[in-house]
Amino acid sequence: MVKKLLASGLIFMLALFMVAGAVFASPGADSLTQDQQTALSIIEKANQEIDEKIEKAVAEADKLQEDYLKDIQVIKQLQAAAELNPDTAQISADVADVKTASDNLVQQLFTPEGADSEAAQDQIAEFNANATSEGTLIAERTKIYTSALDKLVTDLYNETLQIADTAIAQAAELGVIAERFWKLVKIADREVWIDPIVVSL
């Protein structure tokens with residue numbers, strides 16, 4: 001008799017547990033169709049790829065800008081040395097000292113504390129504004145930097161746009177409406193609107 005009560009009690013508890021589990025289960029992922037889940041997976045993968053491309057472009061742009069500022073500083077120091085001492089042998093001997101000084105300056109600009117500081121941004125803006133008036137070497141170096149940064153920004157914009165468009169089209173085929181949303185990304189001394197994807201179910 002006790003065994004029968006225990007057995008029936010266990011069956012009752014198991015049935016209650018299963019019913020309660022079904023009632024209190026989260027409607028989130030379970031309420032989505034297989035197509036919707038596949039579409040969300042496509043969107044998530046696309047957004048991840050876009051984020052990785054942004055991160056890579058930002059790092060490349062920072063390196064481009066850092067190298068540019070170093071080179072500009074060296075050119076300015078060499079021009080100043082040439083005005084003080086027209087002896088080119090002496091200028092060549094001073095190049096190592098000039099490079100060390102410019103490296104120290106740029107290193108200060110690109111520390112975590114100083115990179116986004118107002119003083120650093122003012123100095124970068126001053127370099128860019130005065131570059132063409134400083135002579136042929138600086139103008140040429142500025143042209144190279146600007147061209148490389150233009151290409152980096154354009155490639156990032158076009159590649160992320162293509163990723164977003166492809167994912168949105170694939171999601172639409174699976175019955176999920178997705179759209180681009182624009183976020184402002186800082187790339188060296190530029191700002192560009194890039195387009196990850198958002199879904200509303």
# chains A, B, ... in the order shown; residues from 1 in each chain; ligands from 1
$ residues_around --residues "Ile187 in chain A" --least-positions-apart "4" --cutoff "8 Å" --atoms "only C-alpha atoms" --output "MDAnalysis selection string"
chainID A and resid 57:58 61:62 153 191:192
$ atom_distance --atom1 "CA of Asn47 in chain A" --atom2 "CA of Lys183 in chain A"
12.3 Å
$ atom_distance --atom1 "CA of Gln37 in chain A" --atom2 "CA of Val185 in chain A"
29.1 Å
$ atom_distance --atom1 "CA of Ser41 in chain A" --atom2 "CA of Ala169 in chain A"
13.5 Å
